[in-house]
$ cat input.csv   # CSV, C-alpha atoms
chain,number,residue,atom,x,y,z
A,1290,MET,CA,6.9,-24.6,-3.5
A,1291,ALA,CA,3.9,-22.2,-3.8
A,1292,LYS,CA,0.5,-23.4,-2.6
A,1293,SER,CA,-2.5,-23.1,-4.9
A,1294,ASP,CA,-5.5,-21.0,-4.0
A,1295,PRO,CA,-7.9,-23.2,-1.9
A,1296,ASN,CA,-10.9,-21.2,-3.0
A,1297,ARG,CA,-10.2,-21.5,-6.7
A,1298,VAL,CA,-13.0,-24.0,-7.4
A,1299,LEU,CA,-15.6,-22.2,-5.4
A,1300,ARG,CA,-14.7,-18.9,-7.0
A,1301,ARG,CA,-15.2,-20.4,-10.5
A,1302,LEU,CA,-18.4,-22.4,-9.8
A,1303,PRO,CA,-20.9,-19.6,-10.7
A,1304,ILE,CA,-19.2,-19.1,-14.0
A,1305,VAL,CA,-19.3,-22.8,-14.8
A,1306,VAL,CA,-22.9,-23.3,-13.7
A,1307,GLY,CA,-24.0,-20.1,-15.5
A,1308,GLY,CA,-22.2,-21.1,-18.7
A,1309,LEU,CA,-23.6,-24.6,-18.6
A,1310,GLY,CA,-27.1,-23.3,-18.1
A,1311,ALA,CA,-26.8,-21.0,-21.1
A,1312,VAL,CA,-25.5,-23.8,-23.3
A,1313,LEU,CA,-28.4,-26.1,-22.3
A,1314,LEU,CA,-30.9,-23.4,-23.0
A,1315,LEU,CA,-29.5,-22.9,-26.5
A,1316,ILE,CA,-29.6,-26.7,-27.2
A,1317,ASN,CA,-33.1,-26.9,-26.0
A,1318,ARG,CA,-34.1,-24.0,-28.2
A,1319,LEU,CA,-32.5,-25.5,-31.3
A,1320,LEU,CA,-34.1,-28.9,-30.7
A,1321,THR,CA,-37.6,-27.5,-30.1
A,1322,PRO,CA,-39.6,-27.5,-33.4
A,1323,GLN,CA,-42.3,-25.2,-32.2
A,1324,LEU,CA,-41.8,-22.6,-29.5
A,1325,THR,CA,-44.7,-22.0,-27.1
A,1326,GLU,CA,-45.3,-18.8,-25.2
A,1327,SER,CA,-44.6,-20.4,-21.8
A,1328,GLN,CA,-41.3,-21.8,-23.1
A,1329,ALA,CA,-40.2,-18.4,-24.4
A,1330,ARG,CA,-40.9,-16.9,-21.0
A,1331,GLY,CA,-38.9,-19.8,-19.4
A,1332,ASP,CA,-36.0,-19.2,-21.8
A,1333,VAL,CA,-35.9,-15.5,-20.9
A,1334,LEU,CA,-35.8,-16.3,-17.2
A,1335,GLY,CA,-33.1,-19.0,-17.8
A,1336,VAL,CA,-30.9,-16.5,-19.8
A,1337,ILE,CA,-31.2,-13.9,-17.0
A,1338,LEU,CA,-30.3,-16.5,-14.3
A,1339,SER,CA,-27.3,-17.7,-16.3
A,1340,ALA,CA,-26.1,-14.1,-16.8
A,1341,VAL,CA,-26.5,-13.3,-13.1
A,1342,LEU,CA,-24.4,-16.4,-12.2
A,1343,ILE,CA,-21.7,-15.6,-14.7
A,1344,LEU,CA,-21.6,-12.0,-13.5
A,1345,THR,CA,-21.4,-13.1,-9.9
A,1346,GLY,CA,-18.5,-15.4,-10.8
A,1347,LEU,CA,-16.6,-12.6,-12.5
A,1348,ILE,CA,-17.1,-10.3,-9.5
A,1349,TRP,CA,-15.8,-13.0,-7.1
A,1350,GLN,CA,-12.7,-13.3,-9.2
A,1351,GLN,CA,-11.9,-9.7,-8.6
A,1352,VAL,CA,-13.3,-8.9,-5.2
A,1353,GLN,CA,-12.7,-12.0,-3.0
A,1354,PRO,CA,-9.3,-11.8,-1.4
A,1355,ARG,CA,-7.0,-14.6,-2.4
A,1356,SER,CA,-4.8,-16.4,0.1
A,1357,PRO,CA,-1.2,-15.4,-0.5
A,1358,ASP,CA,1.0,-18.0,-2.0
A,1359,THR,CA,3.4,-19.5,0.6
A,1360,VAL,CA,6.9,-20.9,0.0
A,1361,GLU,CA,9.2,-23.2,2.0
A,1362,LEU,CA,12.0,-20.9,3.1
A,1363,ILE,CA,15.5,-22.1,2.2
A,1364,GLY,CA,17.7,-22.7,5.2
A,1365,GLU,CA,18.1,-24.8,8.3
A,1366,GLU,CA,15.9,-24.4,11.4
A,1367,GLY,CA,17.8,-23.1,14.4
A,1368,PHE,CA,17.7,-21.2,17.7
A,1369,VAL,CA,20.8,-19.1,18.5
A,1370,LEU,CA,21.1,-16.8,21.5
A,1371,ALA,CA,24.0,-14.6,22.3
A,1372,PRO,CA,25.9,-16.5,25.0
A,1373,ASP,CA,26.6,-13.5,27.3
A,1374,LEU,CA,23.0,-12.6,28.0
A,1375,PRO,CA,21.5,-12.9,31.5
A,1376,GLU,CA,19.2,-15.8,32.0
A,1377,ALA,CA,16.1,-13.6,32.4
A,1378,VAL,CA,16.8,-11.9,29.1
A,1379,LYS,CA,17.3,-15.3,27.4
A,1380,THR,CA,14.0,-16.4,28.8
A,1381,GLU,CA,12.2,-13.3,27.6
A,1382,LEU,CA,13.7,-13.6,24.1
A,1383,ALA,CA,12.8,-17.2,23.9
A,1384,TRP,CA,9.2,-16.5,25.0
A,1385,ALA,CA,8.7,-13.6,22.5
A,1386,SER,CA,10.2,-15.4,19.6
A,1387,HIS,CA,8.1,-18.6,20.2
A,1388,LEU,CA,4.9,-16.5,20.2
A,1389,LEU,CA,5.8,-14.8,17.0
A,1390,LEU,CA,6.8,-18.1,15.2
A,1391,THR,CA,3.7,-20.0,16.3
A,1392,ASN,CA,1.0,-17.3,16.0
A,1393,THR,CA,1.9,-15.3,12.9
A,1394,VAL,CA,3.3,-16.1,9.4
A,1395,THR,CA,6.8,-15.3,10.7
A,1396,ARG,CA,9.2,-18.1,9.9
A,1397,SER,CA,12.5,-16.4,10.6
A,1398,LEU,CA,13.4,-13.7,13.0
A,1399,VAL,CA,16.4,-11.7,14.3
A,1400,VAL,CA,16.8,-9.4,17.3
A,1401,PHE,CA,19.4,-6.8,16.6
A,1402,TYR,CA,20.2,-4.6,19.6
A,1403,GLN,CA,23.0,-2.0,20.3
A,1404,GLY,CA,24.9,-3.2,17.2
A,1405,LYS,CA,24.8,-6.9,18.2
A,1406,VAL,CA,22.7,-9.9,17.2
A,1407,LEU,CA,21.0,-11.2,20.3
A,1408,LEU,CA,18.8,-13.8,18.8
A,1409,ARG,CA,18.3,-15.7,15.5
A,1410,ARG,CA,15.4,-18.2,15.4
A,1411,GLY,CA,13.3,-20.1,12.9
A,1412,ILE,CA,14.7,-20.8,9.4
A,1413,LEU,CA,18.2,-19.2,9.5
A,1414,GLY,CA,19.9,-17.4,6.7
A,1415,ILE,CA,23.4,-18.3,5.7
A,1416,LYS,CA,24.9,-15.1,7.3
A,1417,SER,CA,24.8,-14.6,11.0
A,1418,GLU,CA,26.0,-11.0,11.1
A,1419,VAL,CA,23.7,-8.1,10.6
A,1420,VAL,CA,25.1,-5.0,8.8
A,1421,PRO,CA,22.5,-2.3,8.9
A,1422,GLY,CA,21.5,-1.0,5.5
A,1423,ALA,CA,19.4,1.9,4.5
A,1424,ILE,CA,16.1,0.4,5.6
A,1425,LEU,CA,17.4,-0.7,9.0
A,1426,LYS,CA,19.1,2.6,9.6
A,1427,GLN,CA,15.8,4.4,8.8
A,1428,VAL,CA,14.0,2.3,11.4
A,1429,LEU,CA,16.6,3.0,14.0
A,1430,GLU,CA,16.7,6.7,13.3
A,1431,LYS,CA,12.9,7.4,13.0
A,1432,GLN,CA,11.9,4.6,15.4
A,1433,LYS,CA,9.0,3.7,13.1
A,1434,PRO,CA,8.3,0.2,11.7
A,1435,ILE,CA,8.7,-0.6,8.0
A,1436,TYR,CA,6.7,-3.4,6.4
A,1437,LEU,CA,8.0,-4.7,3.1
A,1438,VAL,CA,5.0,-6.5,1.9
A,1439,ALA,CA,6.7,-8.3,-1.0
A,1440,LEU,CA,10.4,-8.3,-0.4
A,1441,LYS,CA,11.4,-9.4,-3.9
A,1442,VAL,CA,10.2,-6.1,-5.5
A,1443,TYR,CA,12.3,-3.9,-3.3
A,1444,PRO,CA,15.9,-3.0,-4.4
A,1445,GLY,CA,16.9,-2.8,-0.8
A,1446,LYS,CA,16.2,-6.5,-0.3
A,1447,ILE,CA,20.0,-7.2,-0.6
A,1448,GLU,CA,20.5,-5.8,2.9
A,1449,PHE,CA,18.5,-8.7,4.4
A,1450,ASP,CA,21.1,-11.3,3.4
A,1451,TYR,CA,20.9,-12.7,7.0
A,1452,LEU,CA,17.4,-14.0,6.3
A,1453,PRO,CA,16.6,-16.9,4.0
A,1454,GLU,CA,17.1,-15.9,0.4
A,1455,ASN,CA,13.5,-16.5,-0.6
A,1456,THR,CA,11.9,-14.6,2.3
A,1457,GLN,CA,8.6,-13.2,1.0
A,1458,GLY,CA,7.8,-10.3,3.4
A,1459,VAL,CA,9.7,-8.5,6.1
A,1460,ILE,CA,8.7,-6.4,9.1
A,1461,CYS,CA,11.4,-4.2,10.8
A,1462,GLN,CA,9.9,-3.2,14.2
A,1463,PRO,CA,12.0,-0.9,16.4
A,1464,ILE,CA,12.9,-2.0,19.9
A,1465,GLY,CA,12.9,1.3,21.6
A,1466,ASP,CA,15.7,3.5,20.2
A,1467,ARG,CA,18.5,0.9,20.4
A,1468,GLY,CA,17.4,-2.1,18.3
A,1469,VAL,CA,15.2,-3.7,15.7
A,1470,LEU,CA,13.1,-6.8,15.7
A,1471,ILE,CA,13.3,-8.2,12.1
A,1472,LEU,CA,10.6,-10.7,11.0
A,1473,GLY,CA,10.7,-12.7,7.8
A,1474,ALA,CA,7.5,-14.3,6.4
A,1475,ASN,CA,7.0,-17.2,3.9
A,1476,ALA,CA,4.2,-15.4,2.1
A,1477,PRO,CA,3.9,-11.8,0.7
A,1478,ARG,CA,1.2,-9.4,2.0
A,1479,SER,CA,0.5,-11.9,4.8
A,1480,TYR,CA,0.7,-9.8,8.0
A,1481,THR,CA,-2.6,-8.3,9.1
A,1482,LYS,CA,-3.0,-5.0,10.9
A,1483,GLN,CA,-3.7,-6.9,14.1
A,1484,ASP,CA,-0.4,-8.8,13.6
A,1485,GLU,CA,1.4,-5.5,13.2
A,1486,LYS,CA,-0.1,-4.2,16.5
A,1487,TRP,CA,0.8,-7.4,18.3
A,1488,ILE,CA,4.3,-7.3,17.0
A,1489,ALA,CA,4.7,-3.7,18.1
A,1490,GLY,CA,3.5,-4.7,21.6
A,1491,ILE,CA,6.0,-7.5,21.9
A,1492,ALA,CA,8.8,-5.2,20.7
A,1493,ASP,CA,7.8,-2.6,23.4
A,1494,LYS,CA,8.0,-5.4,26.0
A,1495,LEU,CA,11.4,-6.5,24.8
A,1496,ALA,CA,12.6,-2.8,24.9
A,1497,VAL,CA,11.9,-2.6,28.6
A,1498,THR,CA,13.7,-5.9,29.3
A,1499,LEU,CA,16.7,-5.2,27.1
A,1500,SER,CA,17.2,-1.7,28.4
A,1501,GLN,CA,18.3,-3.3,31.7
A,1502,ILE,CA,21.3,-5.2,30.3
$ encode --input "input.csv" --output "structure tokens"
Amino acid sequence: MAKSDPNRVLRRLPIVVGGLGAVLLLINRLLTPQLTESQARGDVLGVILSAVLILTGLIWQQVQPRSPDTVELIGEEGFVLAPDLPEAVKTELAWASHLLLTNTVTRSLVVFYQGKVLLRRGILGIKSEVVPGAILKQVLEKQKPIYLVALKVYPGKIEFDYLPENTQGVICQPIGDRGVLILGANAPRSYTKQDEKWIAGIADKLAVTLSQI
């Protein structure tokens, strides 16, 4: 279920106050039998202030960034490691995945390396097998990350059937030239540039560890 914007009330407050002030000024003008010079000056000032408040509210509606809507991903929570991995590698994968799940918007992740799924953690999709599609193949070939900010608008989303079906955003981060770290988020446009740099650093660390197996 999507969460509402927590700043919605604050964003609309100047419009409400400005509109209310304008209405009160109009009522006061209609109920005043004889308009004095000082009252006319006050009315002009009140109209200006009301207009500024309304304009400020309209600008806030357009300029202030809204928090992305989050959803509850469909699937069961789990932690699955390939059984034939060395203990040191299992520990490294567990550490890296824990950091990503607890410090970013990532809610589901997969480590795909040398044609095998080494790790699935977080909210798991129905499928456990990863069949590289066009997007994953591009990441492997060019060794450059791809960030799908709103997965539902991409035709290639069907290749991520190993993630929860309502995954909102996906980062495919190369692990050296042999694998990909696939991260699924519960909100679109939710990874920051700092998140992307941090994810790249963790992937580089995993590349060094996994190259030894």
$ closest_residue --input "input.csv" --among "A:Lys1446, A:Lys1416, A:Arg1318, A:Arg1478" --to "A:Thr1395" --atoms "all atoms listed in the file"
A:Arg1478
$ residues_around --input "input.csv" --residues "stretch 1448-1465 of chain A" --least-positions-apart "4" --cutoff "6 Å" --atoms "only C-alpha atoms" --output "mmCIF file with C-alpha atoms, in the coordinates of the input"
data_model
loop_
_atom_site.group_PDB
_atom_site.id
_atom_site.type_symbol
_atom_site.label_atom_id
_atom_site.label_comp_id
_atom_site.auth_asym_id
_atom_site.auth_seq_id
_atom_site.Cartn_x
_atom_site.Cartn_y
_atom_site.Cartn_z
ATOM 1 C CA LEU A 1362 12.000 -20.900 3.100
ATOM 2 C CA ILE A 1363 15.500 -22.100 2.200
ATOM 3 C CA GLY A 1414 19.900 -17.400 6.700
ATOM 4 C CA LYS A 1416 24.900 -15.100 7.300
ATOM 5 C CA SER A 1417 24.800 -14.600 11.000
ATOM 6 C CA GLY A 1422 21.500 -1.000 5.500
ATOM 7 C CA GLN A 1432 11.900 4.600 15.400
ATOM 8 C CA PRO A 1434 8.300 0.200 11.700
ATOM 9 C CA ILE A 1435 8.700 -0.600 8.000
ATOM 10 C CA TYR A 1436 6.700 -3.400 6.400
ATOM 11 C CA LEU A 1437 8.000 -4.700 3.100
ATOM 12 C CA VAL A 1438 5.000 -6.500 1.900
ATOM 13 C CA ALA A 1439 6.700 -8.300 -1.000
ATOM 14 C CA LEU A 1440 10.400 -8.300 -0.400
ATOM 15 C CA VAL A 1469 15.200 -3.700 15.700
ATOM 16 C CA LEU A 1470 13.100 -6.800 15.700
ATOM 17 C CA ILE A 1471 13.300 -8.200 12.100
ATOM 18 C CA LEU A 1472 10.600 -10.700 11.000
ATOM 19 C CA GLY A 1473 10.700 -12.700 7.800
ATOM 20 C CA ALA A 1474 7.500 -14.300 6.400
ATOM 21 C CA ASN A 1475 7.000 -17.200 3.900
ATOM 22 C CA ALA A 1476 4.200 -15.400 2.100
ATOM 23 C CA PRO A 1477 3.900 -11.800 0.700
ATOM 24 C CA ALA A 1492 8.800 -5.200 20.700
ATOM 25 C CA ALA A 1496 12.600 -2.800 24.900
#
$ atom_distance --input "input.csv" --atom1 "atom CA of A:Leu1408" --atom2 "atom CA of A:Phe1368"
7.6 Å
$ closest_residue --input "input.csv" --among "A:Gly1445, A:Pro1322, A:Pro1372, A:Gly1308" --to "A:Val1336" --atoms "only C-alpha atoms"
A:Gly1308
$ atom_distance --input "input.csv" --atom1 "atom CA of A:Glu1361" --atom2 "atom CA of A:Arg1409"
17.9 Å
$ closest_residue --input "input.csv" --among "A:Ser1397, A:Gln1427, A:Gln1323, A:Thr1391" --to "A:Leu1413" --atoms "all atoms listed in the file"
A:Ser1397
$ atom_distance --input "input.csv" --atom1 "atom CA of A:Ile1304" --atom2 "atom CA of A:Thr1321"
25.9 Å
$ residues_around --input "input.csv" --residues "A:Arg1467" --least-positions-apart "4" --cutoff "10 Å" --atoms "all atoms listed in the file" --output "PyMOL selection string"
chain A and resi 1401-1404+1429-1430+1432+1463+1496+1499-1500
